[in-house]
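Each remark here refers to the structure printed beneath this line.
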Amino acid sequence: MENLQSALREHLENDESLVWTGRPRRGVVFRLSDLFLIPFSLIWLGFAIFWVVMAAQASVVFSLFGIPFVLLGLVFAFGRFIIDAQQRNNTFYGITDKRIIIKSGVFSQTIKSLNIKSLSEIQLTEKADRSGTITIDPKYPFTSFYNGMGWWPGANFGSQLQMINDARKVYRKIVEIQND
C-alpha cells in the first residue's frame, strides 16, 4: 500500500489526499479477444515464415521482404503478452476526493488525471471473484474486441481501472465522490 501511495504522491495537489490506491492484476492474462487473436497470429506467423523460406529459394531480396511480417507475427503471437504484462506491472491507480489518477507506461510514463465530478459515464464490469474493470469513458462499439491491445502504439481505447480487486467497492467510492 505504501509503495502505491509513494508512486502517486508526487502527482497530488497540495489540498488532495488519496482515498484509494490500486493496481491491475499482474502477470500474463488471457482475454476473450485471444480466442480470435491467438489463432490469427499463429496463422500470420506461419505464413510469414513459409514466405521467407520459399522466397529464400528464389532470391534473398524476396526473403528480406518477409522479415518484417515475421517480426510482426512474433509480436502478435508472443510479444503482446509480455508487453501487456509489463504495462500492467507499471500501472498505478489512485482516487482522491477530486480526481482519478492513472499512472502507466512501458517505454515512457503517462499520467492521466480525470476530474471525478465531470465524468459523463462510468461502467463496472465485475467477475465472480469480485475483481473487475471500471470503464470511465463512453464505451465505443468493438472496444471489447481490442481489450488488451492498449499497449499497441497509438492505441487509446478509453480510460479504465482494469483488473482491480473489489471493483464494486471502488466503483461505489467513485459514485459517492461524484454525488458529494
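By order of appearance in the C-alpha cells: chains A, B, ..., then residues from 1 within every chain, and ligands from 1 in the order shown.
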What's the 7 Å shell around Gly22 in chain A, counting only C-alpha atoms, without same-chain residues fewer than 6 positions away, as a PyMOL selection string? chain A and resi 4+92-94+164
Same residues, all heavy atoms, saved as an mmCIF file, in the first residue's frame:
```
data_model
loop_
_atom_site.group_PDB
_atom_site.id
_atom_site.type_symbol
_atom_site.label_atom_id
_atom_site.label_comp_id
_atom_site.auth_asym_id
_atom_site.auth_seq_id
_atom_site.Cartn_x
_atom_site.Cartn_y
_atom_site.Cartn_z
ATOM 1 N N LEU A 4 2.331 2.004 -3.415
ATOM 2 C CA LEU A 4 1.336 2.594 -4.303
ATOM 3 C C LEU A 4 1.174 4.077 -4.007
ATOM 4 O O LEU A 4 1.140 4.903 -4.915
ATOM 5 C CB LEU A 4 -0.009 1.890 -4.149
ATOM 6 C CG LEU A 4 -0.084 0.444 -4.615
ATOM 7 C CD1 LEU A 4 -1.434 -0.155 -4.256
ATOM 8 C CD2 LEU A 4 0.147 0.361 -6.091
ATOM 9 N N PHE A 92 -0.360 2.211 -11.935
ATOM 10 C CA PHE A 92 -0.822 2.530 -10.592
ATOM 11 C C PHE A 92 -2.096 3.355 -10.711
ATOM 12 O O PHE A 92 -2.173 4.262 -11.531
ATOM 13 C CB PHE A 92 0.229 3.347 -9.828
ATOM 14 C CG PHE A 92 1.561 2.662 -9.725
ATOM 15 C CD1 PHE A 92 2.529 2.848 -10.695
ATOM 16 C CD2 PHE A 92 1.841 1.830 -8.656
ATOM 17 C CE1 PHE A 92 3.759 2.213 -10.612
ATOM 18 C CE2 PHE A 92 3.066 1.192 -8.556
ATOM 19 C CZ PHE A 92 4.030 1.387 -9.533
ATOM 20 N N TYR A 93 -3.081 3.039 -9.883
ATOM 21 C CA TYR A 93 -4.336 3.776 -9.873
ATOM 22 C C TYR A 93 -4.489 4.488 -8.537
ATOM 23 O O TYR A 93 -4.142 3.930 -7.492
ATOM 24 C CB TYR A 93 -5.536 2.835 -10.039
ATOM 25 C CG TYR A 93 -5.521 2.005 -11.294
ATOM 26 C CD1 TYR A 93 -5.738 0.631 -11.232
ATOM 27 C CD2 TYR A 93 -5.318 2.581 -12.543
ATOM 28 C CE1 TYR A 93 -5.747 -0.143 -12.378
ATOM 29 C CE2 TYR A 93 -5.327 1.810 -13.697
ATOM 30 C CZ TYR A 93 -5.532 0.445 -13.604
ATOM 31 O OH TYR A 93 -5.544 -0.313 -14.737
ATOM 32 N N GLY A 94 -5.032 5.686 -8.597
ATOM 33 C CA GLY A 94 -5.312 6.417 -7.373
ATOM 34 C C GLY A 94 -6.612 7.186 -7.498
ATOM 35 O O GLY A 94 -6.933 7.691 -8.578
ATOM 36 N N ILE A 164 -8.962 -4.833 -11.263
ATOM 37 C CA ILE A 164 -8.687 -4.453 -9.878
ATOM 38 C C ILE A 164 -9.486 -5.335 -8.918
ATOM 39 O O ILE A 164 -10.537 -5.858 -9.277
ATOM 40 C CB ILE A 164 -9.014 -2.963 -9.616
ATOM 41 C CG1 ILE A 164 -10.474 -2.638 -9.940
ATOM 42 C CG2 ILE A 164 -8.066 -2.062 -10.386
ATOM 43 C CD1 ILE A 164 -10.901 -1.239 -9.566
#
```
With 12 Å as the cut-off and only C-alpha atoms counted, what is the closest atom pair between each nearby residue of range 2-96 of chain A and range 105-117 of chain A? Distances in Å to one decimal, ordered by chain and number, as a Markdown table.
```
| residue | atom | partner | partner_atom | distance |
| --- | --- | --- | --- | --- |
| A:Ala7 | CA | A:Ile111 | CA | 11.2 |
| A:Leu8 | CA | A:Ile111 | CA | 9.5 |
| A:Glu10 | CA | A:Ile111 | CA | 11.1 |
| A:His11 | CA | A:Ile111 | CA | 8.4 |
| A:Leu12 | CA | A:Ser113 | CA | 10.1 |
| A:Glu13 | CA | A:Ser113 | CA | 11.5 |
| A:Ile82 | CA | A:Val106 | CA | 10.7 |
| A:Ile83 | CA | A:Val106 | CA | 7.6 |
| A:Asp84 | CA | A:Val106 | CA | 9.0 |
| A:Ala85 | CA | A:Val106 | CA | 9.7 |
| A:Gln86 | CA | A:Val106 | CA | 6.5 |
| A:Gln87 | CA | A:Val106 | CA | 5.3 |
| A:Arg88 | CA | A:Gly105 | CA | 8.3 |
| A:Asn89 | CA | A:Val106 | CA | 8.8 |
| A:Asn90 | CA | A:Gly105 | CA | 6.1 |
| A:Thr91 | CA | A:Gly105 | CA | 6.9 |
| A:Phe92 | CA | A:Ile111 | CA | 9.6 |
| A:Tyr93 | CA | A:Lys112 | CA | 9.7 |
| A:Gly94 | CA | A:Ser113 | CA | 9.5 |
| A:Ile95 | CA | A:Ile116 | CA | 8.8 |
| A:Thr96 | CA | A:Ile116 | CA | 8.8 |
```
Can you list every residue in range 42-134 of chain A that DSSP puts in helix (DSSP H, G or I), as number ranges by chain? A: 42-58, 60-89, 116-118
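Straight-line separation from CA of Ile43 in chain A to CA of Leu71 in chain A: 13.5 Å.
Closest approach to Glu126 in chain A among A:Lys169, A:Arg9, A:Arg26, A:Lys98 is made by A:Lys169 (distances from only C-alpha atoms).
Our summary of the geometry notes that CA of Thr135 in chain A is positioned 11.8 Å from CA of Val170 in chain A.
For the residues A:Val19, A:Ala48, A:Met163, A:Leu124, ranking by smallest atom-to-atom distance to Leu64 in chain A using only C-alpha atoms places A:Ala48 first.
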Given only C-alpha atoms as the counted atoms, nearest of A:Gln57, A:Thr125, A:Ser131, A:Gln162 to Ser104 in chain A: A:Gln162
Between A:Ser41, A:Pro24, A:Ile100, A:Asp34, which one has atoms that come closest to Ala167 in chain A, using only C-alpha atoms? A:Pro24
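Between CA of Ile136 in chain A and CA of Asn179 in chain A the interatomic distance comes to 15.8 Å.
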Got a sec to tell me which of range 35-107 of chain A DSSP assigns to strand (DSSP E or B), as an NGL selection string? :A and (92-96 or 99-104)
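Take the candidates A:Ser59, A:Val28, A:Gly66, A:Ser159 and check each one against Gly79 in chain A using only C-alpha atoms; the shortest distance goes to A:Val28.
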For range 49-51 of chain A: contacts at 12 Å, only C-alpha atoms, fewer than 5 positions along chain excluded, given as a PyMOL selection string: chain A and resi 42-44+56-60+62-74
Limited to C-alpha atoms, could you put the picked residues into a file as an mmCIF file, in the first residue's frame?
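File produced: part.cif:
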```cif
data_model
loop_
_atom_site.group_PDB
_atom_site.id
_atom_site.type_symbol
_atom_site.label_atom_id
_atom_site.label_comp_id
_atom_site.auth_asym_id
_atom_site.auth_seq_id
_atom_site.Cartn_x
_atom_site.Cartn_y
_atom_site.Cartn_z
ATOM 1 C CA LEU A 42 -0.207 -18.134 -35.402
ATOM 2 C CA ILE A 43 -1.589 -18.361 -38.942
ATOM 3 C CA TRP A 44 0.029 -14.992 -39.758
ATOM 4 C CA ALA A 56 14.851 -17.529 -49.961
ATOM 5 C CA GLN A 57 14.987 -20.322 -52.534
ATOM 6 C CA ALA A 58 14.268 -17.816 -55.305
ATOM 7 C CA SER A 59 16.076 -14.705 -54.090
ATOM 8 C CA VAL A 60 17.493 -13.291 -50.894
ATOM 9 C CA PHE A 62 12.371 -11.589 -51.716
ATOM 10 C CA SER A 63 13.042 -13.280 -48.381
ATOM 11 C CA LEU A 64 14.097 -9.955 -46.808
ATOM 12 C CA PHE A 65 10.680 -8.571 -47.725
ATOM 13 C CA GLY A 66 9.074 -11.133 -45.418
ATOM 14 C CA ILE A 67 11.224 -10.429 -42.338
ATOM 15 C CA PRO A 68 9.057 -7.513 -41.039
ATOM 16 C CA PHE A 69 5.990 -9.757 -41.338
ATOM 17 C CA VAL A 70 7.723 -12.488 -39.314
ATOM 18 C CA LEU A 71 8.645 -9.918 -36.642
ATOM 19 C CA LEU A 72 5.078 -8.601 -36.535
ATOM 20 C CA GLY A 73 3.798 -12.184 -36.254
ATOM 21 C CA LEU A 74 6.158 -12.830 -33.316
#
```
